[in-house]
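Asker: Next comes work.cif, mmCIF, C-alpha atoms:
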data_input
#
loop_
_atom_site.label_atom_id
_atom_site.label_comp_id
_atom_site.auth_asym_id
_atom_site.auth_seq_id
_atom_site.Cartn_x
_atom_site.Cartn_y
_atom_site.Cartn_z
CA MET A 72 9.25 -64.00 42.85
CA LEU A 73 6.50 -65.31 45.08
CA GLY A 74 5.49 -68.85 44.23
CA ALA A 75 2.24 -70.76 44.51
CA PRO A 76 0.76 -70.66 48.02
CA GLU A 77 1.99 -73.33 50.38
CA ALA A 78 0.95 -73.05 54.02
CA VAL A 79 3.76 -72.65 56.56
CA GLU A 80 3.88 -72.07 60.28
CA ARG A 81 6.10 -68.99 60.08
CA CYS A 82 7.24 -66.72 57.25
CA TRP A 83 10.00 -64.13 57.62
CA VAL A 84 10.14 -61.07 55.33
CA THR A 85 13.29 -58.94 55.09
CA VAL A 86 15.30 -56.65 52.84
CA VAL A 87 18.76 -57.68 51.68
CA GLY A 88 21.20 -54.82 51.32
CA TRP A 89 24.96 -54.38 51.39
CA SER A 90 25.46 -56.39 54.59
CA PRO A 91 24.22 -59.97 54.35
CA MET A 92 25.05 -60.57 58.00
CA ALA A 93 22.42 -58.01 59.03
CA VAL A 94 19.84 -60.45 57.65
CA VAL A 95 21.50 -63.66 58.80
CA ASN A 96 22.28 -62.48 62.33
CA THR A 97 18.75 -61.26 62.98
CA ILE A 98 17.27 -64.60 61.91
CA TRP A 99 19.94 -66.45 63.90
CA ALA A 100 19.19 -64.48 67.08
CA ALA A 101 15.45 -64.99 66.63
CA CYS A 102 15.93 -68.74 66.08
CA GLU A 103 17.78 -68.91 69.38
CA GLN A 104 14.65 -67.43 70.98
CA GLY A 105 12.40 -70.02 69.30
CA VAL A 106 11.16 -67.84 66.42
CA VAL A 107 12.17 -70.10 63.52
CA PRO A 108 10.87 -69.44 59.99
CA GLN A 109 10.10 -72.18 57.49
CA ARG A 110 9.83 -69.63 54.67
CA VAL A 111 11.99 -66.54 54.12
CA VAL A 112 11.16 -63.83 51.57
CA LEU A 113 14.20 -61.76 50.58
CA LEU A 114 13.38 -58.38 49.08
CA ALA A 115 16.33 -57.35 46.93
CA THR A 116 17.21 -54.97 44.13
CA PRO A 117 17.66 -56.98 40.92
CA ASP A 118 20.61 -56.53 38.57
CA GLU A 119 22.89 -55.06 41.25
CA PRO A 120 26.02 -57.26 41.53
CA SER A 121 26.85 -56.38 45.15
CA ILE A 122 23.26 -57.05 46.25
CA GLU A 123 23.25 -60.33 44.32
CA ARG A 124 26.38 -61.41 46.23
CA SER A 125 24.65 -60.48 49.49
CA VAL A 126 21.55 -62.49 48.56
CA GLN A 127 23.69 -65.51 47.68
CA THR A 128 25.51 -65.25 51.02
CA VAL A 129 22.21 -65.01 52.90
CA GLU A 130 20.85 -68.04 51.04
CA ARG A 131 23.97 -70.12 51.82
CA TYR A 132 23.81 -69.25 55.51
CA LEU A 133 20.07 -69.91 55.79
CA HIS A 134 20.35 -73.29 54.07
CA ALA A 135 22.93 -74.22 56.74
CA LEU A 136 21.35 -72.43 59.70
CA LEU A 137 17.65 -73.27 59.51
CA PRO A 138 18.16 -77.08 59.42
CA ALA A 139 20.05 -76.70 62.72
CA PHE A 140 16.79 -75.34 64.14
CA GLY A 141 14.60 -78.12 62.72
CA VAL A 142 13.70 -76.73 59.27
CA GLU A 143 15.13 -79.34 56.91
CA ASN A 144 14.03 -77.72 53.65
CA PRO A 145 13.53 -73.99 54.18
CA ALA A 146 11.72 -72.15 51.41
CA ILE A 147 13.84 -69.14 50.51
CA VAL A 148 12.39 -66.91 47.81
CA ARG A 149 13.41 -63.60 46.29
CA HIS A 150 11.15 -60.70 45.47
CA PRO A 151 12.55 -57.72 43.50
CA PHE A 152 11.99 -54.03 44.14
CA GLU A 153 13.53 -50.77 42.91
CA GLU A 154 15.81 -49.42 45.63
CA ASP A 155 15.43 -45.75 44.73
CA ASN A 156 11.62 -45.79 44.60
CA LEU A 157 10.26 -45.15 48.11
CA LEU A 158 6.60 -45.38 47.11
CA GLY A 159 7.27 -48.44 44.97
CA PHE A 160 9.05 -50.11 47.88
CA GLY A 161 6.04 -49.40 50.10
CA ARG A 162 3.70 -50.97 47.55
CA THR A 163 6.00 -53.98 47.12
CA LEU A 164 6.31 -54.52 50.87
CA ALA A 165 2.54 -54.21 51.35
CA HIS A 166 1.91 -56.71 48.55
CA VAL A 167 4.43 -59.21 49.92
CA LEU A 168 3.09 -58.92 53.47
CA GLN A 169 -0.53 -59.33 52.35
CA THR A 170 0.35 -62.34 50.19
CA GLU A 171 2.43 -64.00 52.90
CA ARG A 172 -0.23 -63.26 55.52
CA LYS A 173 -2.52 -65.65 53.61
CA ARG A 174 0.19 -68.34 53.55
CA ALA A 175 1.63 -68.29 57.07
CA GLN A 176 0.18 -68.82 60.52
CA ASN A 177 2.80 -66.39 61.85
CA LEU A 178 4.35 -63.55 59.89
CA VAL A 179 7.57 -61.80 60.94
CA LEU A 180 9.01 -58.61 59.44
CA ASP A 181 12.69 -57.79 59.91
CA THR A 182 13.51 -54.09 59.54
CA THR A 183 17.25 -54.39 60.27
CA ALA A 184 18.77 -54.39 56.80
CA GLY A 185 18.27 -51.96 53.94
CA ARG A 186 18.09 -48.20 53.85
CA LYS A 187 16.55 -46.04 56.59
CA TYR A 188 13.37 -45.35 54.66
CA MET A 189 12.85 -49.10 54.21
CA SER A 190 13.04 -49.64 57.96
CA ALA A 191 10.66 -46.74 58.56
CA VAL A 192 8.14 -48.10 56.05
CA GLY A 193 8.51 -51.55 57.62
CA VAL A 194 7.78 -50.27 61.11
CA ALA A 195 4.72 -48.41 59.81
CA TYR A 196 3.39 -51.56 58.12
CA GLY A 197 4.22 -53.55 61.23
CA GLN A 198 1.54 -51.62 63.11
CA ARG A 199 -1.23 -52.44 60.63
CA ILE A 200 -3.79 -54.47 62.53
CA GLU A 201 -5.08 -56.43 59.52
CA LEU A 202 -1.60 -57.88 58.91
CA ASN A 203 -1.43 -59.25 62.47
CA LEU A 204 2.35 -59.58 62.38
CA GLU A 205 3.84 -61.80 65.05
CA LYS A 206 7.04 -59.73 65.35
CA VAL A 207 8.66 -56.67 63.81
CA TYR A 208 12.36 -57.11 64.50
CA TYR A 209 15.33 -54.78 64.54
CA ASN A 210 18.74 -56.20 65.49
CA HIS A 211 20.80 -53.36 66.96
CA LEU A 212 24.57 -53.65 66.82
CA LEU A 213 26.16 -51.45 69.45
CA SER A 214 29.51 -51.45 67.64
CA GLN A 215 29.98 -51.27 63.88
CA ARG A 216 33.13 -53.38 64.13
CA TYR A 217 30.83 -56.42 64.21
CA ALA A 218 28.86 -55.45 61.08
CA ASP A 219 30.03 -58.40 58.98
CA VAL A 220 30.61 -60.89 61.78
CA PRO A 221 28.44 -64.02 62.24
CA HIS A 222 26.08 -63.89 65.23
CA PRO A 223 27.85 -66.40 67.53
CA LEU A 224 31.10 -64.43 67.26
CA ILE A 225 29.52 -61.15 68.41
CA PRO A 226 29.60 -60.62 72.19
CA ARG A 227 26.02 -60.70 73.51
CA HIS A 228 26.42 -57.29 75.13
CA GLU A 229 27.28 -55.81 71.70
CA GLN A 230 23.91 -56.60 70.06
CA ARG A 231 20.24 -56.47 71.02
CA LEU A 232 17.31 -58.00 69.19
CA TYR A 233 14.27 -55.76 69.56
CA ASP A 234 10.66 -56.58 68.78
CA LEU A 235 9.50 -53.13 67.67
CA LYS A 236 5.88 -54.24 67.53
CA ALA A 237 5.93 -55.10 71.23
CA MET A 238 7.88 -51.93 72.07
CA LEU A 239 5.33 -49.77 70.27
CA GLY A 240 2.41 -51.50 71.95
CA GLY A 241 1.30 -53.53 68.92
#
Produce structure tokens that represent the structure in this file.

Answerer:
Amino acid sequence: MLGAPEAVERCWVTVVGWSPMAVVNTIWAACEQGVVPQRVVLLATPDEPSIERSVQTVERYLHALLPAFGVENPAIVRHPFEEDNLLGFGRTLAHVLQTERKRAQNLVLDTTAGRKYMSAVGVAYGQRIELNLEKVYYNHLLSQRYADVPHPLIPRHEQRLYDLKAMLGG
């Protein structure tokens, strides 16, 4: 759940699904480009064992990765949502983005992981002017054989990190 407000330079919001590397690799690629979060909000379905394992994997990687980019004590928080409730997910995402907007100088939304409707809702919210998102990312793997492979082991020509906000003129 979201904790008491603590100001940060950059907050990253993402969904955690079946593939933890979809989350980790997008953050990793962004960090290499200088977009390094101090706070990461993981939206995840509670009480789902496979999702819980994915969240734990993401947390382990981020606690190792972010210090390598200068964030010694990253704040990594979970926020639950019901996976099969499209409208509920939209409300949850809106609430999280509005809350984090008050906390962070820069707010990033990652639409890579999760189900298609989650990405679509994320892109729609990414265009909302009042949220003033810094980036709306999608990390596109050109070959599924790299789906569970850590970022540095994926050939650069096999993945592309897109800022959908910039692409859509936001």

Asker: Please evaluate the PyMOL selection byres ((chain A and resi 187) around 12) against the structure above and give the resulting residues as a list of chain:residue names.

Answerer: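 Applied to this file, the PyMOL selection byres ((chain A and resi 187) around 12) returns A:Val86, A:Gly88, A:Glu154, A:Asp155, A:Leu157, A:Thr182, A:Thr183, A:Ala184, A:Gly185, A:Arg186, A:Tyr188, A:Met189, A:Ser190, A:Ala191, A:Val192, A:Gly193, A:Val194, A:Tyr209.
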
Asker: Since I can't run it myself right now, could you work out what the PyMOL selection byres ((chain A and resi 170) around 12) selects here and report it as a PyMOL selection string?

Answerer: chain A and resi 72-78+82+84+112+150+163-169+171-175+178+202

Asker: Determine the residue set returned by the PyMOL selection byres ((chain A and resi 81) around 7) for the present structure, and present it as a list in words.

Answerer: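 When the PyMOL selection byres ((chain A and resi 81) around 7) is applied to the shown file, the picked residues are Val79, Glu80, Cys82, Trp83, Pro108, Gln109, Arg110, Ala175, Gln176, Asn177 and Leu178 of chain A.
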
Asker: What's around region 133-137 of chain A at 12 Å? Count only C-alpha atoms, leave out sequence neighbours fewer than 4 positions away in its own chain, and write the answer as a PyMOL selection string.

Answerer: chain A and resi 83+91-92+94-103+105-113+126-129+141-148+221-223

Asker: I need the residues from that last selection saved to file as a compact mmCIF listing (two decimals), in the frame of the given file (with C-alpha atoms), if you can.

Answerer:
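In the end it all went to again_6.txt:
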# COMPACT_ATOMS: atom_id res chain seq x y z
CA TRP A 83 10.00 -64.13 57.62
CA PRO A 91 24.22 -59.97 54.35
CA MET A 92 25.05 -60.57 58.00
CA VAL A 94 19.84 -60.45 57.65
CA VAL A 95 21.50 -63.66 58.80
CA ASN A 96 22.28 -62.48 62.33
CA THR A 97 18.75 -61.26 62.98
CA ILE A 98 17.27 -64.60 61.91
CA TRP A 99 19.94 -66.45 63.90
CA ALA A 100 19.19 -64.48 67.08
CA ALA A 101 15.45 -64.99 66.63
CA CYS A 102 15.93 -68.74 66.08
CA GLU A 103 17.78 -68.91 69.38
CA GLY A 105 12.40 -70.02 69.30
CA VAL A 106 11.16 -67.84 66.42
CA VAL A 107 12.17 -70.10 63.52
CA PRO A 108 10.87 -69.44 59.99
CA GLN A 109 10.10 -72.18 57.49
CA ARG A 110 9.83 -69.63 54.67
CA VAL A 111 11.99 -66.54 54.12
CA VAL A 112 11.16 -63.83 51.57
CA LEU A 113 14.20 -61.76 50.58
CA VAL A 126 21.55 -62.49 48.56
CA GLN A 127 23.69 -65.51 47.68
CA THR A 128 25.51 -65.25 51.02
CA VAL A 129 22.21 -65.01 52.90
CA GLY A 141 14.60 -78.12 62.72
CA VAL A 142 13.70 -76.73 59.27
CA GLU A 143 15.13 -79.34 56.91
CA ASN A 144 14.03 -77.72 53.65
CA PRO A 145 13.53 -73.99 54.18
CA ALA A 146 11.72 -72.15 51.41
CA ILE A 147 13.84 -69.14 50.51
CA VAL A 148 12.39 -66.91 47.81
CA PRO A 221 28.44 -64.02 62.24
CA HIS A 222 26.08 -63.89 65.23
CA PRO A 223 27.85 -66.40 67.53

Asker: Tell me which residues come within 10 Å of (-2.2, -52.2, 70.1), as JSON, numbers by chain, counting all atoms listed in the file in the file's coordinates.

Answerer: {"A": [198, 199, 200, 236, 237, 239, 240, 241]}

Asker: Between CA of Pro117 (chain A) and CA of Glu153 (chain A), what distance in Å does the model show, to one decimal?

Answerer: 7.7 Å

Asker: To one decimal place in Å, what is the distance between CA of Gln230 (chain A) and CA of Gln215 (chain A)?

Answerer: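 Those two atoms sit 10.2 Å apart.
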
Asker: A:Ser121, A:Thr116, A:Asn203, A:Ser90: which is nearest Arg149 (chain A), counting all atoms listed in the file?

Answerer: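 Smallest distance to Arg149 (chain A) is found for A:Thr116.
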
Asker: Would you mind reading off the distance between CA of Asp118 (chain A) and CA of Gly159 (chain A), one decimal, in Å?

Answerer: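 Rounded to one decimal, the two atoms are 16.9 Å apart.
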
Asker: Using all atoms listed in the file, pick whichever of A:Ala139, A:Ala218, A:Leu180, A:Leu213 has the shortest atom-to-atom distance to Leu235 (chain A).

Answerer: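 So, comparing all the options, the nearest one is A:Leu180.
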
Asker: Which is closest to Arg162 (chain A) among A:Tyr196, A:Tyr132, A:Glu201, A:Pro138, if we use all atoms listed in the file?

Answerer: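 Nearest to Arg162 (chain A): A:Tyr196.
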
Asker: Would you fill the gaps in region 188-204 of chain A so it has N, CA, C and O atoms, then print it as a CSV table (one decimal), in the coordinates of the input?

Answerer:
chain,number,residue,atom,x,y,z
A,188,TYR,N,14.8,-45.5,55.0
A,188,TYR,CA,13.4,-45.4,54.7
A,188,TYR,C,12.7,-46.7,54.6
A,188,TYR,O,11.5,-46.8,54.9
A,189,MET,N,13.4,-47.8,54.3
A,189,MET,CA,12.8,-49.1,54.2
A,189,MET,C,12.5,-49.6,55.6
A,189,MET,O,11.4,-50.2,55.8
A,190,SER,N,13.3,-49.3,56.6
A,190,SER,CA,13.0,-49.6,58.0
A,190,SER,C,11.8,-48.9,58.5
A,190,SER,O,11.0,-49.4,59.1
A,191,ALA,N,11.8,-47.6,58.1
A,191,ALA,CA,10.7,-46.7,58.6
A,191,ALA,C,9.3,-47.2,58.0
A,191,ALA,O,8.3,-47.4,58.7
A,192,VAL,N,9.3,-47.6,56.7
A,192,VAL,CA,8.1,-48.1,56.0
A,192,VAL,C,7.8,-49.4,56.7
A,192,VAL,O,6.6,-49.7,57.0
A,193,GLY,N,8.8,-50.3,57.0
A,193,GLY,CA,8.5,-51.6,57.6
A,193,GLY,C,7.9,-51.4,59.0
A,193,GLY,O,6.9,-52.1,59.3
A,194,VAL,N,8.4,-50.5,59.8
A,194,VAL,CA,7.8,-50.3,61.1
A,194,VAL,C,6.3,-49.8,61.0
A,194,VAL,O,5.5,-50.2,61.7
A,195,ALA,N,6.1,-48.9,60.0
A,195,ALA,CA,4.7,-48.4,59.8
A,195,ALA,C,3.8,-49.6,59.4
A,195,ALA,O,2.7,-49.7,60.0
A,196,TYR,N,4.2,-50.4,58.5
A,196,TYR,CA,3.4,-51.6,58.1
A,196,TYR,C,3.3,-52.6,59.3
A,196,TYR,O,2.3,-53.2,59.4
A,197,GLY,N,4.3,-52.6,60.1
A,197,GLY,CA,4.2,-53.6,61.2
A,197,GLY,C,3.1,-53.2,62.2
A,197,GLY,O,2.7,-54.1,63.0
A,198,GLN,N,2.6,-52.0,62.2
A,198,GLN,CA,1.5,-51.6,63.1
A,198,GLN,C,0.2,-51.8,62.5
A,198,GLN,O,-0.8,-51.6,63.2
A,199,ARG,N,0.1,-52.2,61.3
A,199,ARG,CA,-1.2,-52.4,60.6
A,199,ARG,C,-1.9,-53.7,61.2
A,199,ARG,O,-1.4,-54.8,61.2
A,200,ILE,N,-3.1,-53.4,61.8
A,200,ILE,CA,-3.8,-54.5,62.5
A,200,ILE,C,-4.2,-55.6,61.6
A,200,ILE,O,-4.1,-56.8,62.0
A,201,GLU,N,-4.6,-55.4,60.4
A,201,GLU,CA,-5.1,-56.4,59.5
A,201,GLU,C,-4.0,-57.4,59.1
A,201,GLU,O,-4.2,-58.6,58.8
A,202,LEU,N,-2.7,-57.0,59.2
A,202,LEU,CA,-1.6,-57.9,58.9
A,202,LEU,C,-1.3,-58.8,60.1
A,202,LEU,O,-0.7,-59.9,59.9
A,203,ASN,N,-1.6,-58.4,61.3
A,203,ASN,CA,-1.4,-59.2,62.5
A,203,ASN,C,0.0,-59.9,62.5
A,203,ASN,O,0.1,-61.1,62.6
A,204,LEU,N,1.0,-59.1,62.4
A,204,LEU,CA,2.4,-59.6,62.4
A,204,LEU,C,2.7,-60.1,63.8
A,204,LEU,O,2.3,-59.5,64.8
